[in-house]
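One structure is given here, and the rest of the page talks about it.
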Amino acid sequence: MDGSKVFDKIEKFCSGDLFIVAAAAVVFIGWVTGLWVIFLCLLALLCTAPLFFTSSNRSLLVFFMQFTFIISHNSHDLASYWWLLLLLIPLFGGLIFQGVRFRKEYRWDILRPSKFKGQHFFLLLLMIPFALGGIVRGHEKPLVIFLAFLIIFMVGAAYTYYMVSNYGREDKAEMPSFVLKNLVAVGIIISLQMIVYYLKLGSVEAIVDAIAKKRHALGWGGPNNIGTIYTLAIPATLYFCTKDWNRTPLFVVAAIAEYALLVSTGSRGSILVVTVAMPAMLLYIMAVTPHKRAYGFSLCAVIFAAMVGIVLTADKIIPALADRFAMGLDSNGRMDFEYPAAWEAFRNHPIFGVGWDYMMGERVKDGYTPLWFHSTILQVGAVMGVVGLLFHGVWTFQRYRSFFLNRKDTRVQFLFVSTLLFEGYCMVDTGFFSPSFFAMMIIIQFAVEVTLEEDEGLALPRRLFEPKGDD
C-alpha cells in the first residue's frame, strides 16, 4: 500500500469516532484497575503518535478532554506525581514537529489585526490580569504567580496554534461534532465510574449512606466535580437525538441515566441548572428531531421506568436525598467564609486583586490548591481585581458572540447550552479556572470559533483597516 494512503487512513482514524472510543477505553481501564499512571502514559502515546504522521492534531484535543478522568488517586495528594508533567514534552514536541512539517498549510494570516477573531484575541489579553494579579499586595509565593501566568500563556499559545493549523482545513466544519462526541465519551466514562463506585460499596445500605452523606470519591474529583462535568456532557448527549439516524433511543437512555446519576451526587447547583434546562432541551429536540416517534416513545419509556424505580426505592433513596435537598439555597459555608473572604480581598486590593497565591493551600491543606471562592465572578474580582473583571467581561462577551454568530448550527446551539450550564453552575462553585475544566471550555470555544467565516467575529472593526477614499 502507498505510504501516503497509510497516513491518510491514520489521519481518518484519529479524526473519527473509533479513536475517541479507544481513548475513552484507555481512560476507563486505567481508572478501574488503579493503574492510572501506566495508562495515562499509554493515552499520551496514543494521542501524540499521530502528530508525527499526519497533518491533523485533533488527537491531542482528545487527550486534554479525557485525561483528567483516568486519575483514580486522591486529587489532593498528587504532589509526588509531579513528574507526569514531563508527558507535556512529547505532546508539545509533536506539535512543533507537525508545525515544521506542514507549515505551508497553516493560516498564519488570520493573526493579522484585520482578521483576528475576538474570542481568541481577548483570550490572549487575559494574560495581562493574570500577570498583574496581586502585584500591589506583594507575592507570598512568586513561583505560583509565574506558574499561573505560564498556564494561561500555554493555553493562549496552544489556542493560537490550533487556530492557524485548523482554520484552513477542509474538515474544520466537523470540529463541533468532534467536540460533542468527546463530551459524550466523557459523560459515559464518569457514568461508568459512578456505577463501579456504587457496586464496590457492596450493599444498598452503603450506597444510600454515600448518597446521603455525599461521599462520592472517584479519585479525580468528588460530587461537585462530577456535577460540573455533567453540565457539559448531558446537553452534548441530547444533541445526538436530533440527528437523522436510528440510534436516538440510545442517547435518550444515556442522557436520562446521566441525569439520574447527577441527582444521586447531591450536587445541588449542578442539579438545579440542569433540571431547569432539561425540559426546554427535551421539548426542543421533539421539535427538531427527524425521528419524533422513536424519540417520544423512548423518552416516555425511560421516564416510566424511572418512576417505577423511584417507587421501588422510595423508602431508601428519597430519604437519602432529602437532607441534601432540604438545604435548599443554604450556602454550605460559602456565606460564612468564601464570599466574605472574596469581598475582603477585593476591598483591600480592588485594582489588581490579591493574586493566585493568596492563602494558597490553607483551605484544603494540601499546599498547592488555590483558595477557591466558589464563584467565577468573585474569583476574578478577588484574584485579579477590577482589571481582571474588565478583561474577563470583554472576553466573555466575545465568547458568547461567537455562539450567536453560529446560532443556526444545531451543534453550536447544544455547545452553547453546555457552556451556559457549566458557567451557571460555576457562579456558585469552583470549576471555571480549574485547569482541566478550563481546557475543556476553551476547546468548546475553539470548535465554535474555528468555523466562523473570515469576516465574522473579528476582534477589531474591519473599517479600521479599510482604505479611506479621497475627499
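We name chains A, B, ... following the order of the C-alpha cells; residues begin at 1 in each chain, and ligands are numbered from 1 as shown.
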Using only C-alpha atoms, what table do you get, as a tab-separated table, when you list each residue of region 379-436 of chain A with an atom no more than 8 Å from region 272-290 of chain A, its nearest pair of atoms, and their distance in Å rounded to one decimal, rows by chain then rising number?
residue	atom	partner	partner_atom	distance
A:Leu421	CA	A:Val273	CA	6.0
A:Gly424	CA	A:Val273	CA	6.9
A:Tyr425	CA	A:Val273	CA	6.6
Mind dumping the selected residues with C-alpha atoms as a compact mmCIF listing (two decimals), in the first residue's frame?
# COMPACT_ATOMS: atom_id res chain seq x y z
CA LEU A 421 -24.94 25.37 32.24
CA GLY A 424 -24.11 28.97 35.53
CA TYR A 425 -23.03 26.33 38.00
>> Could you go through region 133-166 of chain A and tell me which residues DSSP, when run on the backbone, assigns to alpha helix (DSSP H), listing them as a PyMOL selection string?
In response: chain A and resi 142-166
>> When you look at Gly457 (chain A) with a cut-off of 10 Å (counting only C-alpha atoms), what residues show up, excluding the ones that are within fewer than 5 positions of it in the same chain? I need them as a PyMOL selection string.
In response: chain A and resi 115-120+398-399+401-406+449+452
Would you mind exporting C-alpha atoms of the selected residues as a CSV table (one decimal), in the first residue's frame?
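Full text of part-v3.csv as output:
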chain,number,residue,atom,x,y,z
A,115,LYS,CA,-8.5,39.1,10.7
A,116,PHE,CA,-8.0,38.3,14.4
A,117,LYS,CA,-11.1,36.6,15.9
A,118,GLY,CA,-12.5,38.3,19.0
A,119,GLN,CA,-12.5,35.4,21.5
A,120,HIS,CA,-9.0,34.4,20.5
A,398,GLN,CA,-16.6,37.7,22.7
A,399,ARG,CA,-17.1,34.1,23.6
A,401,ARG,CA,-20.7,36.5,20.5
A,402,SER,CA,-19.1,33.5,18.6
A,403,PHE,CA,-22.0,31.3,19.7
A,404,PHE,CA,-24.5,33.9,18.4
A,405,LEU,CA,-22.8,34.2,15.1
A,406,ASN,CA,-23.1,30.5,14.6
A,449,GLU,CA,-14.7,30.0,16.6
A,452,LEU,CA,-16.6,31.3,11.6
>> Report as an NGL selection string all protein, DNA and RNA residues lying within 10 Å of Ser418 (chain A), evaluated on only C-alpha atoms, omitting residues in the same chain fewer than 4 positions from it.
In response: :A and (180 or 183 or 229-236 or 274 or 412-414 or 422-424 or 441 or 444)
Go ahead and dump the residues you just picked, N, CA and C atoms, as a PDB file, in the first residue's frame.
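The result, written out as result_35.pdb:
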ATOM      1  N   LEU A 180     -18.398  17.507  20.482  1.00  0.00           N
ATOM      2  CA  LEU A 180     -19.616  16.947  21.073  1.00  0.00           C
ATOM      3  C   LEU A 180     -19.444  15.452  21.359  1.00  0.00           C
ATOM      4  N   LEU A 183     -17.416  14.997  24.434  1.00  0.00           N
ATOM      5  CA  LEU A 183     -18.200  15.270  25.637  1.00  0.00           C
ATOM      6  C   LEU A 183     -19.112  14.093  25.971  1.00  0.00           C
ATOM      7  N   ILE A 229     -19.004  18.227  35.345  1.00  0.00           N
ATOM      8  CA  ILE A 229     -18.848  17.529  34.064  1.00  0.00           C
ATOM      9  C   ILE A 229     -20.199  17.204  33.445  1.00  0.00           C
ATOM     10  N   TYR A 230     -21.164  16.838  34.259  1.00  0.00           N
ATOM     11  CA  TYR A 230     -22.482  16.517  33.715  1.00  0.00           C
ATOM     12  C   TYR A 230     -23.164  17.738  33.092  1.00  0.00           C
ATOM     13  N   THR A 231     -22.858  18.932  33.585  1.00  0.00           N
ATOM     14  CA  THR A 231     -23.442  20.118  32.944  1.00  0.00           C
ATOM     15  C   THR A 231     -22.957  20.253  31.504  1.00  0.00           C
ATOM     16  N   LEU A 232     -21.765  19.750  31.218  1.00  0.00           N
ATOM     17  CA  LEU A 232     -21.231  19.769  29.860  1.00  0.00           C
ATOM     18  C   LEU A 232     -21.700  18.571  29.044  1.00  0.00           C
ATOM     19  N   ALA A 233     -21.755  17.408  29.685  1.00  0.00           N
ATOM     20  CA  ALA A 233     -21.988  16.160  28.955  1.00  0.00           C
ATOM     21  C   ALA A 233     -23.447  15.914  28.591  1.00  0.00           C
ATOM     22  N   ILE A 234     -24.372  16.256  29.476  1.00  0.00           N
ATOM     23  CA  ILE A 234     -25.785  15.943  29.219  1.00  0.00           C
ATOM     24  C   ILE A 234     -26.319  16.656  27.985  1.00  0.00           C
ATOM     25  N   PRO A 235     -26.108  17.972  27.811  1.00  0.00           N
ATOM     26  CA  PRO A 235     -26.577  18.606  26.566  1.00  0.00           C
ATOM     27  C   PRO A 235     -25.926  18.001  25.325  1.00  0.00           C
ATOM     28  N   ALA A 236     -24.647  17.639  25.418  1.00  0.00           N
ATOM     29  CA  ALA A 236     -23.970  17.026  24.265  1.00  0.00           C
ATOM     30  C   ALA A 236     -24.614  15.687  23.916  1.00  0.00           C
ATOM     31  N   VAL A 274     -29.198  22.020  35.546  1.00  0.00           N
ATOM     32  CA  VAL A 274     -29.570  21.004  34.552  1.00  0.00           C
ATOM     33  C   VAL A 274     -31.073  20.752  34.588  1.00  0.00           C
ATOM     34  N   VAL A 412     -23.775  23.892  17.463  1.00  0.00           N
ATOM     35  CA  VAL A 412     -23.333  25.048  18.237  1.00  0.00           C
ATOM     36  C   VAL A 412     -24.369  25.404  19.300  1.00  0.00           C
ATOM     37  N   GLN A 413     -25.626  25.229  18.980  1.00  0.00           N
ATOM     38  CA  GLN A 413     -26.678  25.506  19.952  1.00  0.00           C
ATOM     39  C   GLN A 413     -26.502  24.651  21.208  1.00  0.00           C
ATOM     40  N   PHE A 414     -26.192  23.373  21.019  1.00  0.00           N
ATOM     41  CA  PHE A 414     -26.038  22.488  22.173  1.00  0.00           C
ATOM     42  C   PHE A 414     -24.708  22.724  22.885  1.00  0.00           C
ATOM     43  N   PHE A 422     -22.542  25.054  32.411  1.00  0.00           N
ATOM     44  CA  PHE A 422     -21.253  24.992  33.099  1.00  0.00           C
ATOM     45  C   PHE A 422     -20.960  26.304  33.813  1.00  0.00           C
ATOM     46  N   GLU A 423     -21.106  27.406  33.100  1.00  0.00           N
ATOM     47  CA  GLU A 423     -20.808  28.704  33.704  1.00  0.00           C
ATOM     48  C   GLU A 423     -21.839  29.087  34.756  1.00  0.00           C
ATOM     49  N   GLY A 424     -23.092  28.693  34.537  1.00  0.00           N
ATOM     50  CA  GLY A 424     -24.115  28.972  35.534  1.00  0.00           C
ATOM     51  C   GLY A 424     -23.798  28.302  36.854  1.00  0.00           C
ATOM     52  N   MET A 441     -13.522  23.875  28.366  1.00  0.00           N
ATOM     53  CA  MET A 441     -14.321  25.013  27.908  1.00  0.00           C
ATOM     54  C   MET A 441     -13.650  25.720  26.743  1.00  0.00           C
ATOM     55  N   ILE A 444     -14.174  23.843  23.573  1.00  0.00           N
ATOM     56  CA  ILE A 444     -15.521  24.105  23.047  1.00  0.00           C
ATOM     57  C   ILE A 444     -15.537  25.423  22.287  1.00  0.00           C
TER      58      ILE A 444
END
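Shortest atom-to-atom contact with Val383 (chain A) among A:Ser177, A:Asn348, A:Asn224, A:Ser80: A:Asn348, counting only C-alpha atoms.
Taking only C-alpha atoms into account, Thr410 (chain A) lies nearest to A:Tyr239 out of the set A:Tyr239, A:Phe432, A:Trp395, A:Phe346.
Look at Ser298 (chain A): the protein and nucleic acid residues within 10 Å of it, using only C-alpha atoms and passing over chain neighbours fewer than 2 places away, are Thr248, Pro249, Leu250, Phe251, Val252, Val253, Lys292, Arg293, Ala294, Tyr295, Gly296, Cys300, Ala301, Val302, Ile303 and Phe304 of chain A.
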Could the residues in this selection be saved with C-alpha atoms as an mmCIF file, in the first residue's frame?
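Contents of result.cif, as written:
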data_model
loop_
_atom_site.group_PDB
_atom_site.id
_atom_site.type_symbol
_atom_site.label_atom_id
_atom_site.label_comp_id
_atom_site.auth_asym_id
_atom_site.auth_seq_id
_atom_site.Cartn_x
_atom_site.Cartn_y
_atom_site.Cartn_z
ATOM 1 C CA THR A 248 -31.909 8.104 19.006
ATOM 2 C CA PRO A 249 -33.226 5.758 21.754
ATOM 3 C CA LEU A 250 -29.654 5.026 22.920
ATOM 4 C CA PHE A 251 -28.929 8.685 23.534
ATOM 5 C CA VAL A 252 -32.270 9.270 25.242
ATOM 6 C CA VAL A 253 -31.470 6.458 27.671
ATOM 7 C CA LYS A 292 -40.138 12.070 16.545
ATOM 8 C CA ARG A 293 -41.858 8.745 17.184
ATOM 9 C CA ALA A 294 -38.691 6.942 18.232
ATOM 10 C CA TYR A 295 -37.662 9.880 20.392
ATOM 11 C CA GLY A 296 -41.075 10.348 22.007
ATOM 12 C CA CYS A 300 -41.798 8.131 27.684
ATOM 13 C CA ALA A 301 -40.439 4.619 28.285
ATOM 14 C CA VAL A 302 -37.397 5.901 30.156
ATOM 15 C CA ILE A 303 -39.451 8.305 32.274
ATOM 16 C CA PHE A 304 -41.905 5.479 33.112
#
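For the set A:Val144, A:Leu84, A:Leu43, A:Ile317, the residue with the smallest atom-to-atom gap to Asp209 (chain A) is A:Ile317, counting only C-alpha atoms.
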Show which residues sit within 9 Å of Ile128 (chain A), as a compact mmCIF listing (two decimals) with N, CA and C atoms, in the first residue's frame. Count only C-alpha atoms, and ignore same-chain residues fewer than 2 positions away.
# COMPACT_ATOMS: atom_id res chain seq x y z
N LEU A 124 -5.96 35.93 24.68
CA LEU A 124 -4.55 36.28 24.82
C LEU A 124 -4.38 37.47 25.76
N LEU A 125 -5.27 38.44 25.67
CA LEU A 125 -5.17 39.61 26.55
C LEU A 125 -5.45 39.26 28.00
N LEU A 126 -6.09 38.11 28.24
CA LEU A 126 -6.36 37.69 29.62
C LEU A 126 -5.06 37.45 30.38
N PHE A 130 -3.74 38.21 34.64
CA PHE A 130 -3.08 37.09 35.30
C PHE A 130 -1.69 37.51 35.78
N ALA A 131 -0.99 38.28 34.94
CA ALA A 131 0.36 38.71 35.29
C ALA A 131 0.35 39.77 36.40
N LEU A 132 -0.68 40.63 36.39
CA LEU A 132 -0.72 41.74 37.34
C LEU A 132 -1.42 41.40 38.65
N GLY A 133 -2.14 40.28 38.69
CA GLY A 133 -2.87 39.90 39.90
C GLY A 133 -1.98 39.82 41.12
N PHE A 149 0.60 32.33 35.41
CA PHE A 149 0.78 33.03 34.14
C PHE A 149 1.22 32.05 33.05
N VAL A 387 -9.23 45.24 37.11
CA VAL A 387 -8.57 44.97 35.82
C VAL A 387 -9.00 43.60 35.30
N GLY A 388 -9.01 42.61 36.17
CA GLY A 388 -9.43 41.27 35.77
C GLY A 388 -10.88 41.22 35.37
N PHE A 391 -11.24 42.74 31.78
CA PHE A 391 -10.74 41.86 30.74
C PHE A 391 -11.60 40.61 30.61
>> To one decimal place in Å, what is the distance between CA of Glu170 (chain A) and CA of Leu95 (chain A)?
In response: 19.6 Å
>> Excluding Ile29 (chain A) and its own-chain neighbours fewer than 4 positions away, which residues fall within 8 Å of it when counting only C-alpha atoms? Please give them as number ranges by chain.
In response: A: 25, 33, 39
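In terms of minimum interatomic distance to Trp31 (chain A), A:Ile189 ranks closest within A:Ile189, A:Glu258, A:Val6, A:Ser114, counting only C-alpha atoms.
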